[in-house]
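Dropping my_file13.csv in here (CSV, C-alpha atoms):
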```csv
chain,number,residue,atom,x,y,z
A,1,MET,CA,-36.8,-23.7,-2.8
A,2,ARG,CA,-35.6,-21.2,-0.2
A,3,ARG,CA,-32.0,-21.0,-1.5
A,4,LEU,CA,-33.2,-20.1,-5.0
A,5,GLU,CA,-35.2,-17.2,-3.6
A,6,GLU,CA,-32.1,-16.0,-1.7
A,7,ILE,CA,-29.9,-16.1,-4.8
A,8,LEU,CA,-32.5,-14.2,-6.9
A,9,ASP,CA,-32.8,-11.6,-4.2
A,10,GLU,CA,-29.0,-11.3,-4.0
A,11,VAL,CA,-28.6,-10.8,-7.8
A,12,SER,CA,-31.5,-8.3,-7.9
A,13,ALA,CA,-30.2,-6.3,-4.9
A,14,THR,CA,-26.6,-6.2,-6.3
A,15,LEU,CA,-27.8,-5.0,-9.6
A,16,ARG,CA,-29.9,-2.3,-7.9
A,17,SER,CA,-27.2,-1.0,-5.6
A,18,SER,CA,-24.2,-1.0,-7.8
A,19,SER,CA,-23.4,0.3,-11.3
A,20,ASP,CA,-20.6,-2.1,-11.6
A,21,PRO,CA,-21.8,-5.3,-13.3
A,22,PHE,CA,-18.7,-7.1,-12.1
A,23,SER,CA,-19.9,-6.9,-8.5
A,24,VAL,CA,-22.3,-9.9,-9.2
A,25,ARG,CA,-20.5,-13.2,-8.6
A,26,VAL,CA,-21.7,-14.9,-11.8
A,27,LEU,CA,-19.5,-18.0,-11.8
A,28,GLU,CA,-20.1,-18.9,-8.1
A,29,ILE,CA,-23.9,-18.6,-8.6
A,30,LEU,CA,-23.8,-20.7,-11.7
A,31,ASP,CA,-21.8,-23.4,-9.9
A,32,GLU,CA,-24.3,-23.3,-7.0
A,33,LEU,CA,-27.3,-23.6,-9.4
A,34,ARG,CA,-25.7,-26.6,-11.0
A,35,ASP,CA,-25.3,-28.3,-7.6
A,36,LEU,CA,-28.9,-27.5,-6.7
A,37,LEU,CA,-30.4,-28.7,-10.0
A,38,PRO,CA,-30.8,-32.4,-9.0
A,39,ARG,CA,-32.9,-31.4,-6.0
A,40,MET,CA,-35.1,-28.9,-7.8
A,41,ARG,CA,-38.8,-29.6,-8.1
A,42,ASP,CA,-40.8,-28.5,-11.2
A,43,GLU,CA,-42.0,-25.3,-9.6
A,44,ASP,CA,-38.3,-24.4,-8.7
A,45,LEU,CA,-37.3,-24.5,-12.4
A,46,LEU,CA,-39.2,-21.3,-13.1
A,47,MET,CA,-37.2,-19.4,-10.5
A,48,ASP,CA,-34.0,-21.1,-11.7
A,49,SER,CA,-34.6,-19.9,-15.3
A,50,GLU,CA,-35.4,-16.4,-13.9
A,51,ILE,CA,-32.0,-16.3,-12.2
A,52,ILE,CA,-30.2,-17.6,-15.4
A,53,LEU,CA,-32.0,-14.8,-17.3
A,54,LYS,CA,-30.8,-12.2,-14.8
A,55,LEU,CA,-27.2,-13.5,-15.0
A,56,ALA,CA,-27.3,-13.4,-18.8
A,57,GLU,CA,-28.3,-9.8,-18.5
A,58,VAL,CA,-25.3,-9.2,-16.1
A,59,VAL,CA,-22.9,-10.8,-18.6
A,60,ARG,CA,-24.3,-8.7,-21.4
A,61,GLU,CA,-23.7,-5.6,-19.3
A,62,GLN,CA,-20.2,-6.7,-18.4
A,63,GLY,CA,-19.5,-6.9,-22.2
A,64,GLU,CA,-20.8,-3.5,-22.8
A,65,TRP,CA,-18.9,-2.1,-19.8
A,66,LEU,CA,-15.6,-3.6,-21.2
A,67,ARG,CA,-16.3,-2.1,-24.6
A,68,ARG,CA,-17.1,1.3,-23.1
A,69,GLU,CA,-14.1,1.4,-20.8
A,70,SER,CA,-11.6,0.3,-23.5
A,71,THR,CA,-12.9,3.0,-25.8
A,72,VAL,CA,-12.5,5.6,-23.0
A,73,ALA,CA,-8.9,4.3,-22.3
A,74,ALA,CA,-8.0,4.5,-26.0
A,75,LEU,CA,-9.4,8.0,-26.2
A,76,GLY,CA,-7.4,9.0,-23.1
A,77,ARG,CA,-4.2,7.7,-24.7
A,78,ILE,CA,-4.8,9.7,-27.8
A,79,ILE,CA,-5.6,12.9,-25.9
A,80,ALA,CA,-2.5,12.4,-23.8
A,81,LEU,CA,-0.4,12.1,-26.9
A,82,LEU,CA,-1.9,15.2,-28.4
A,83,LYS,CA,-1.2,17.1,-25.2
A,84,LEU,CA,2.5,16.4,-25.4
A,85,SER,CA,2.8,19.1,-28.1
A,86,MET,CA,1.8,21.8,-25.7
A,87,ASP,CA,4.3,24.4,-24.5
A,88,PRO,CA,6.1,23.8,-21.2
A,89,ARG,CA,4.1,26.4,-19.2
A,90,SER,CA,0.8,24.9,-20.3
A,91,LEU,CA,2.0,21.4,-19.6
A,92,ALA,CA,3.0,22.5,-16.1
A,93,GLU,CA,-0.4,24.2,-15.6
A,94,GLU,CA,-2.2,21.0,-16.8
A,95,LEU,CA,-0.3,19.1,-14.2
A,96,LEU,CA,-1.0,21.6,-11.4
A,97,GLU,CA,-4.7,21.4,-12.2
A,98,ALA,CA,-4.7,17.6,-11.6
A,99,TRP,CA,-2.3,17.7,-8.6
A,100,SER,CA,-3.1,17.3,-4.9
A,101,PRO,CA,0.3,16.9,-3.2
A,102,ILE,CA,0.8,14.8,-0.1
A,103,VAL,CA,1.3,16.9,3.1
A,104,ASP,CA,3.7,15.4,5.6
A,105,LEU,CA,6.4,16.5,8.1
A,106,GLU,CA,9.8,15.2,7.4
A,107,GLN,CA,12.0,14.3,10.4
A,108,VAL,CA,15.2,12.5,11.1
A,109,THR,CA,14.5,8.8,11.2
A,110,LEU,CA,16.8,5.8,12.0
A,111,ALA,CA,17.0,5.1,8.2
A,112,ASP,CA,18.4,8.7,7.8
A,113,VAL,CA,21.0,8.1,10.5
A,114,HIS,CA,22.0,4.8,8.8
A,115,ARG,CA,22.2,6.6,5.4
A,116,SER,CA,24.4,9.3,6.9
A,117,LEU,CA,26.8,6.8,8.5
A,118,SER,CA,27.1,4.9,5.2
A,119,TYR,CA,27.9,8.2,3.5
A,120,LEU,CA,30.6,9.0,6.0
A,121,GLN,CA,32.1,5.5,5.6
A,122,GLU,CA,32.1,6.0,1.8
A,123,LYS,CA,33.8,9.3,2.2
A,124,ARG,CA,36.1,7.6,4.7
A,125,ILE,CA,36.0,10.6,7.1
A,126,ALA,CA,36.9,8.1,9.9
A,127,PRO,CA,39.9,7.2,11.9
A,128,PRO,CA,42.3,4.6,10.4
A,129,SER,CA,40.8,1.2,10.5
A,130,ARG,CA,42.0,-1.8,12.5
A,131,GLU,CA,43.5,-3.2,9.3
A,132,MET,CA,45.7,-0.2,8.8
A,133,ILE,CA,47.0,-0.4,12.3
A,134,THR,CA,47.8,-4.1,11.8
A,135,LEU,CA,49.6,-3.2,8.6
A,136,ARG,CA,51.7,-0.7,10.4
A,137,GLY,CA,52.8,-3.6,12.7
A,138,SER,CA,53.5,-5.9,9.7
A,139,LEU,CA,55.7,-3.1,8.2
A,140,LYS,CA,57.9,-3.2,11.3
A,141,GLU,CA,58.4,-6.9,10.8
A,142,ILE,CA,59.6,-6.3,7.2
A,143,ILE,CA,61.7,-3.3,8.2
A,144,PRO,CA,63.1,-4.0,11.6
A,145,GLU,CA,64.6,-0.6,12.2
A,146,GLU,CA,62.0,1.9,13.4
A,147,PRO,CA,60.9,3.7,10.2
A,148,ASP,CA,59.8,7.3,10.6
A,149,LEU,CA,56.3,6.8,9.1
A,150,GLU,CA,55.1,10.4,9.9
A,151,GLU,CA,58.0,11.8,7.9
A,152,ILE,CA,57.1,9.6,4.9
A,153,LEU,CA,53.4,10.5,5.2
A,154,ASP,CA,54.3,14.2,5.3
A,155,GLU,CA,56.6,13.8,2.3
A,156,VAL,CA,53.8,12.3,0.2
A,157,ARG,CA,51.3,14.9,1.6
A,158,GLU,CA,53.6,17.6,0.3
A,159,ILE,CA,53.8,16.0,-3.1
A,160,VAL,CA,50.0,15.9,-3.3
A,161,ARG,CA,49.7,19.5,-2.0
A,162,LYS,CA,52.0,20.8,-4.7
A,163,MET,CA,50.7,18.7,-7.6
A,164,GLU,CA,48.8,20.5,-10.4
A,165,GLU,CA,47.7,17.4,-12.3
A,166,PRO,CA,47.5,13.6,-11.4
A,167,ILE,CA,51.0,12.1,-10.8
A,168,PRO,CA,51.7,8.5,-11.9
A,169,TYR,CA,51.9,6.2,-8.8
A,170,ARG,CA,55.3,4.9,-10.0
A,171,LYS,CA,56.8,8.5,-9.7
A,172,VAL,CA,55.6,8.9,-6.1
A,173,VAL,CA,56.4,5.3,-5.0
A,174,SER,CA,60.1,5.4,-6.0
A,175,GLY,CA,63.6,5.2,-4.5
A,176,SER,CA,65.3,2.4,-2.6
A,177,PRO,CA,63.3,-0.8,-2.0
A,178,LYS,CA,62.6,0.3,1.6
A,179,GLU,CA,61.5,3.7,0.5
A,180,VAL,CA,59.2,2.1,-2.1
A,181,LEU,CA,57.6,0.0,0.6
A,182,LEU,CA,57.1,2.9,3.0
A,183,LYS,CA,55.8,5.2,0.3
A,184,ALA,CA,53.4,2.5,-0.9
A,185,TYR,CA,52.2,2.2,2.7
A,186,ALA,CA,51.8,5.9,2.9
A,187,ILE,CA,49.8,6.1,-0.3
A,188,ALA,CA,47.5,3.3,0.9
A,189,PHE,CA,47.1,5.1,4.3
A,190,LEU,CA,46.3,8.5,2.8
A,191,ALA,CA,43.9,7.0,0.2
A,192,SER,CA,42.1,5.1,2.9
A,193,SER,CA,41.8,8.2,5.1
A,194,GLY,CA,40.5,10.2,2.2
A,195,GLU,CA,43.5,12.6,1.9
A,196,ILE,CA,44.2,11.5,-1.7
A,197,SER,CA,42.4,9.6,-4.4
A,198,LEU,CA,43.8,7.0,-6.8
A,199,VAL,CA,42.7,6.7,-10.4
A,200,LEU,CA,43.4,3.7,-12.5
A,201,ASP,CA,43.8,4.2,-16.3
A,202,PRO,CA,42.6,0.8,-17.6
A,203,VAL,CA,44.0,1.4,-21.1
A,204,GLU,CA,47.5,2.4,-20.1
A,205,GLU,CA,47.4,0.2,-16.9
A,206,GLU,CA,48.8,3.2,-15.1
A,207,LEU,CA,47.7,4.2,-11.5
A,208,TYR,CA,47.6,7.9,-10.8
A,209,VAL,CA,47.6,9.8,-7.5
A,210,THR,CA,45.2,12.7,-7.5
A,211,LYS,CA,43.8,15.2,-5.0
A,212,PRO,CA,40.8,13.8,-3.1
A,213,SER,CA,37.7,13.6,-5.2
A,214,PRO,CA,34.1,12.7,-4.4
A,215,GLY,CA,32.9,9.2,-5.2
A,216,LYS,CA,32.3,5.8,-3.7
A,217,PHE,CA,35.0,4.3,-1.6
A,218,PHE,CA,36.0,0.7,-2.2
A,219,SER,CA,38.9,-1.5,-1.3
A,220,TYR,CA,41.5,-2.2,-3.9
A,221,VAL,CA,44.7,-4.2,-3.7
A,222,ILE,CA,47.6,-2.3,-5.3
A,223,PRO,CA,50.3,-4.7,-6.5
A,224,VAL,CA,53.3,-2.4,-5.8
A,225,ARG,CA,55.6,-4.2,-8.4
A,226,ARG,CA,53.0,-3.8,-11.1
A,227,PHE,CA,52.5,-0.1,-10.6
A,228,SER,CA,56.0,1.0,-9.6
A,229,ASN,CA,59.5,0.4,-10.8
A,230,ALA,CA,60.3,-1.4,-7.5
A,231,ARG,CA,63.0,-3.9,-7.2
A,232,PRO,CA,62.6,-6.9,-4.8
A,233,ILE,CA,63.6,-6.0,-1.2
B,234,MET,CA,-21.4,11.1,19.9
B,235,PRO,CA,-18.7,13.7,19.2
B,236,VAL,CA,-15.2,12.5,18.7
B,237,PRO,CA,-12.8,13.5,21.5
B,238,SER,CA,-10.3,16.2,20.4
B,239,GLU,CA,-7.5,14.2,21.9
B,240,LYS,CA,-8.1,11.4,19.4
B,241,VAL,CA,-8.3,13.8,16.5
B,242,ARG,CA,-5.0,15.4,17.6
B,243,ARG,CA,-3.4,11.9,17.9
B,244,ALA,CA,-4.7,11.0,14.4
B,245,ALA,CA,-3.4,14.2,12.9
B,246,ARG,CA,0.1,13.7,14.4
B,247,THR,CA,0.2,10.1,13.3
B,248,LEU,CA,-0.8,11.0,9.7
B,249,LEU,CA,1.5,14.1,9.4
B,250,PHE,CA,4.8,12.8,10.9
B,251,ARG,CA,6.5,10.5,8.5
B,252,SER,CA,7.8,7.4,10.2
B,253,GLY,CA,9.0,5.4,7.2
B,254,LEU,CA,10.5,6.1,3.8
B,255,LYS,CA,7.0,6.8,2.4
B,256,PRO,CA,4.5,9.1,3.9
B,257,GLY,CA,1.2,7.9,5.3
B,258,VAL,CA,0.1,5.1,7.7
B,259,LYS,CA,-1.8,1.9,7.2
B,260,GLY,CA,-5.3,1.6,8.5
B,261,TRP,CA,-4.3,-1.0,11.0
B,262,GLU,CA,-1.6,1.2,12.4
B,263,LEU,CA,-4.0,4.1,12.8
B,264,ARG,CA,-6.4,1.8,14.6
B,265,LYS,CA,-3.7,0.8,17.0
B,266,VAL,CA,-2.8,4.4,17.8
B,267,VAL,CA,-6.3,5.9,17.8
B,268,GLY,CA,-8.6,3.1,18.7
B,269,ASN,CA,-11.4,1.0,17.2
B,270,ASP,CA,-13.3,4.1,16.2
B,271,TYR,CA,-10.4,5.3,14.0
B,272,LEU,CA,-12.6,5.8,10.9
B,273,GLU,CA,-14.9,8.1,12.8
B,274,VAL,CA,-11.9,10.0,14.1
B,275,VAL,CA,-10.4,10.3,10.6
B,276,LYS,CA,-13.7,11.7,9.4
B,277,ALA,CA,-13.7,14.3,12.2
B,278,LEU,CA,-10.1,15.2,11.3
B,279,ASP,CA,-11.1,15.5,7.7
B,280,GLU,CA,-13.8,18.0,8.6
B,281,ARG,CA,-11.4,20.1,10.6
B,282,LEU,CA,-8.8,20.0,7.8
B,283,THR,CA,-11.2,21.2,5.2
B,284,ASP,CA,-10.8,24.8,6.5
B,285,LEU,CA,-7.1,24.5,5.9
B,286,GLY,CA,-7.5,23.3,2.4
B,287,LEU,CA,-6.4,19.7,3.2
B,288,ARG,CA,-8.2,16.4,3.3
B,289,VAL,CA,-7.6,12.8,4.5
B,290,VAL,CA,-7.7,10.0,2.0
B,291,ALA,CA,-7.3,6.3,2.1
B,292,VAL,CA,-5.7,4.7,-0.9
B,293,GLY,CA,-5.4,1.0,-1.9
B,294,GLY,CA,-2.3,-0.8,-3.2
B,295,ASP,CA,-3.0,0.4,-6.8
B,296,GLY,CA,-3.2,4.0,-5.7
B,297,ASP,CA,-6.9,4.3,-6.1
B,298,GLU,CA,-8.9,6.2,-3.5
B,299,VAL,CA,-11.1,4.1,-1.2
B,300,PRO,CA,-14.1,5.8,0.4
B,301,ILE,CA,-13.7,6.1,4.2
B,302,ASP,CA,-16.9,4.1,5.0
B,303,PRO,CA,-17.1,1.9,8.1
B,304,GLU,CA,-18.8,-0.8,6.0
B,305,ARG,CA,-15.4,-1.2,4.1
B,306,GLU,CA,-13.4,-1.5,7.3
B,307,ASP,CA,-11.7,-4.7,6.3
B,308,GLU,CA,-10.5,-3.1,3.1
B,309,LEU,CA,-9.5,0.1,4.8
B,310,ARG,CA,-7.3,-1.6,7.4
B,311,LYS,CA,-4.9,-2.5,4.5
B,312,CYS,CA,-5.2,1.0,2.9
B,313,THR,CA,-2.7,3.8,3.4
B,314,PHE,CA,-4.1,6.9,5.0
B,315,LEU,CA,-2.6,10.2,3.9
B,316,ILE,CA,-3.2,14.0,4.1
B,317,LEU,CA,-3.4,15.6,0.7
B,318,MET,CA,-3.9,19.2,-0.4
B,319,ARG,CA,-7.5,19.9,-1.4
B,320,GLY,CA,-7.9,21.2,-4.9
B,321,PRO,CA,-5.4,22.2,-7.5
B,322,VAL,CA,-2.0,23.9,-6.7
B,323,SER,CA,-1.2,27.3,-8.0
B,324,VAL,CA,2.1,28.0,-9.9
B,325,GLN,CA,3.2,30.3,-7.0
B,326,GLU,CA,2.5,27.6,-4.4
B,327,ALA,CA,4.5,25.0,-6.5
B,328,SER,CA,7.4,27.4,-6.9
B,329,THR,CA,7.4,28.2,-3.2
B,330,ALA,CA,7.6,24.5,-2.5
B,331,GLY,CA,10.8,24.3,-4.7
B,332,TRP,CA,9.3,23.2,-8.0
B,333,ARG,CA,10.5,24.9,-11.2
B,334,ILE,CA,8.1,25.2,-14.1
B,335,ASP,CA,10.4,23.2,-16.3
B,336,ASP,CA,10.5,20.4,-13.8
B,337,LEU,CA,6.7,20.3,-13.5
B,338,ALA,CA,6.5,20.3,-17.3
B,339,MET,CA,8.9,17.4,-17.5
B,340,LEU,CA,6.8,15.4,-15.0
B,341,SER,CA,3.7,16.3,-17.1
B,342,VAL,CA,5.4,15.2,-20.3
B,343,ALA,CA,6.6,12.0,-18.7
B,344,LEU,CA,3.2,11.1,-17.3
B,345,LEU,CA,1.3,12.0,-20.5
B,346,TYR,CA,3.7,9.9,-22.5
B,347,LEU,CA,3.4,6.9,-20.1
B,348,ILE,CA,-0.4,7.2,-20.2
B,349,SER,CA,-0.3,7.2,-24.0
B,350,ARG,CA,1.9,4.1,-23.9
B,351,GLY,CA,-0.4,2.2,-21.5
B,352,GLY,CA,1.5,3.0,-18.3
B,353,ARG,CA,5.1,2.1,-19.2
B,354,ALA,CA,7.9,3.1,-21.6
B,355,GLY,CA,11.6,2.4,-22.2
B,356,HIS,CA,14.0,4.5,-20.1
B,357,ARG,CA,16.0,5.6,-23.2
B,358,GLU,CA,12.8,6.3,-25.1
B,359,LEU,CA,11.5,8.6,-22.4
B,360,LEU,CA,14.8,10.2,-21.9
B,361,SER,CA,15.2,11.0,-25.6
B,362,LEU,CA,11.6,12.5,-25.6
B,363,LEU,CA,12.5,14.7,-22.6
B,364,ARG,CA,15.8,15.7,-24.2
B,365,SER,CA,14.1,16.7,-27.4
B,366,ARG,CA,11.7,19.0,-25.4
B,367,PHE,CA,13.8,20.5,-22.6
B,368,ARG,CA,17.3,21.8,-22.0
B,369,GLN,CA,19.6,18.8,-21.9
B,370,PRO,CA,21.8,19.4,-18.8
B,371,ARG,CA,18.8,19.3,-16.4
B,372,VAL,CA,16.9,16.4,-18.0
B,373,ASP,CA,18.9,13.5,-16.5
B,374,TYR,CA,19.0,15.2,-13.1
B,375,VAL,CA,15.2,15.9,-13.0
B,376,LEU,CA,14.3,12.4,-14.3
B,377,ASN,CA,16.4,10.8,-11.5
B,378,ARG,CA,14.9,13.1,-9.0
B,379,LEU,CA,11.3,12.2,-10.1
B,380,ILE,CA,12.2,8.5,-9.8
B,381,LYS,CA,13.7,9.1,-6.3
B,382,MET,CA,10.6,11.0,-5.2
B,383,GLY,CA,8.3,8.2,-6.4
B,384,TYR,CA,6.6,10.1,-9.2
B,385,LEU,CA,8.1,7.7,-11.6
B,386,GLU,CA,9.3,4.1,-11.0
B,387,GLU,CA,12.1,2.1,-12.6
B,388,GLU,CA,11.6,-1.5,-13.5
B,389,GLY,CA,14.6,-2.9,-15.3
B,390,ASN,CA,15.0,-0.6,-18.3
B,391,GLN,CA,11.4,0.5,-18.2
B,392,ILE,CA,9.9,3.6,-16.6
B,393,LEU,CA,6.4,3.3,-15.0
B,394,ILE,CA,4.0,5.7,-13.4
B,395,GLY,CA,5.1,5.9,-9.8
B,396,TRP,CA,3.2,5.4,-6.6
B,397,ARG,CA,3.2,9.1,-5.7
B,398,SER,CA,1.8,10.1,-9.1
B,399,ARG,CA,-1.0,7.5,-8.7
B,400,ILE,CA,-1.9,9.0,-5.4
B,401,GLU,CA,-1.3,12.7,-5.9
B,402,ILE,CA,-2.2,13.2,-9.6
B,403,ASP,CA,-5.6,12.7,-11.1
B,404,LEU,CA,-4.3,10.9,-14.2
B,405,LYS,CA,-7.7,10.9,-15.8
B,406,ARG,CA,-8.0,14.7,-15.5
B,407,LEU,CA,-4.4,15.1,-16.7
B,408,SER,CA,-5.0,13.0,-19.8
B,409,GLY,CA,-8.2,15.1,-20.5
B,410,LEU,CA,-10.8,12.4,-19.8
B,411,GLU,CA,-12.3,14.3,-16.9
B,412,ALA,CA,-13.3,17.9,-16.6
B,413,PRO,CA,-12.0,19.8,-13.5
B,414,VAL,CA,-14.3,19.7,-10.5
B,415,GLU,CA,-14.9,22.8,-8.5
B,416,GLY,CA,-13.0,22.6,-5.2
B,417,GLY,CA,-11.2,19.4,-6.1
```
Conversion result in structure tokens:
Amino acid sequence: MRRLEEILDEVSATLRSSSDPFSVRVLEILDELRDLLPRMRDEDLLMDSEIILKLAEVVREQGEWLRRESTVAALGRIIALLKLSMDPRSLAEELLEAWSPIVDLEQVTLADVHRSLSYLQEKRIAPPSREMITLRGSLKEIIPEEPDLEEILDEVREIVRKMEEPIPYRKVVSGSPKEVLLKAYAIAFLASSGEISLVLDPVEEELYVTKPSPGKFFSYVIPVRRFSNARPI
Amino acid sequence: MPVPSEKVRRAARTLLFRSGLKPGVKGWELRKVVGNDYLEVVKALDERLTDLGLRVVAVGGDGDEVPIDPEREDELRKCTFLILMRGPVSVQEASTAGWRIDDLAMLSVALLYLISRGGRAGHRELLSLLRSRFRQPRVDYVLNRLIKMGYLEEEGNQILIGWRSRIEIDLKRLSGLEAPVEGG
């Protein structure tokens, strides 16, 4: 049968050209032989048995290959463990002997620009947000007479400039109910624009005003009555 | 037929300039930029780079090198093509590139330990090994840097050998299973 000759040629050629016994497609060939079996004549059976013999040889080689490779892998693990006791310089030299670094030219990519923008937003080195401006409008509704916000902001800025250690929020946000409201707004504004930082002590449940410190920016609602001694307006 | 210099130049630029987060370009991208004969062009580029102590490699998804052979074109299209330094790096070259001996030793210890553990180990376990061998203040910083650079990878609370180590470092040679080859 022509197909049997082709299979035998394929198995022999693969075994000759490759040292990897797994390159022979043993299972597919066995399936094909099973399908061909009903149509085989007596003279084909000799070739069929020759193919089976070659496949058995391949399977034996696969077993040996697995045994050999697992021994090598185990040996590698043991040597690696022994090498760990070397001194740092020798360890570095061992690495350099096995190292071929990638060579490439770095340039500014869109991803870098995006990362930079995210960083700037986290640091809040940006003009006051739309929400802050809206808040300023809401403040006017609560306090009809025109409050001098710049004066309040400067007052809080001065407190922060002079402080040597974190000051409790309740000490800064104090005074008459209107003053409390304005100072709370000033603190929120200065924290959002990165001029000050706020630190919450979860144990004492005390909020502190500190000088600006690095870290991630995130939104936080400050319940004024909880963190200050404010009376209702 | 000789490969046109223009194509070799184009291939070199495509391979050298990083366009994504990771270096290197896929075979199909290279084919798009250089043309259908990109494998011939890559071979010509590799010959020219030999004098500069560099070489072009193609690596599969597992970090294993795939021979640049036109008969394996289907496989090579999915591979990443990169330019690597040819041969080992000297201590002076490494320090010029910003590596401290301690940092290299830490990477060496991390990789050897991971090899000894079959490729992965617990984050804490590795950290405590490094802390026992090196000055503590730098250990956390260097470990994070190695993860960021891709030499190590984090998977949950496990540390694995990273993609960059699988490409750049001959792990068999590091673990002592292969003798150094002249010229790399």
Please determine the contact residues of chain A with respect to chain B at a cut-off of 12 Å, counting all atoms listed in the file, and supply them as number ranges by chain.
A: 69-112, 115
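In this structure, CA of Arg2 (chain A) sits 10.8 Å away from CA of Met40 (chain A).
Interatomic distance, CA of Leu393 (chain B) to CA of Ala354 (chain B): 6.8 Å.
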Can you tell me, as a count of residues only, what residues are no more than 9 Å from Ser228 (chain A) when counting all atoms listed in the file, ignoring any on the same chain fewer than 3 positions away?
12
Nearby residues (all atoms listed in the file) at most 7 Å from region 259-266 of chain B, same-chain spacing under 4 positions excluded, as a list in words
Tyr271, Leu309, Arg310, Lys311, Cys312, Thr313 and Phe314 of chain B
Shell around Val372 (chain B) at 9 Å using all atoms listed in the file, local window under 3 positions removed, as a PyMOL selection string
chain B and resi 336+339+360+363-364+367-369+375-377
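For the atom pair formed by CA of Thr329 (chain B) and CA of Ile394 (chain B), the distance is 24.9 Å, given to one decimal.
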Between A:Lys183, A:Arg161, A:Arg41, A:Arg60, single out the one closest to Pro212 (chain A), counting only C-alpha atoms.
A:Arg161
I want to know what sits within 12 Å of Glu239 (chain B), based on only C-alpha atoms, with residues of the same chain fewer than 5 positions away left out; could you give that as a PyMOL selection string?
chain B and resi 244-246+266-268+274+277-278
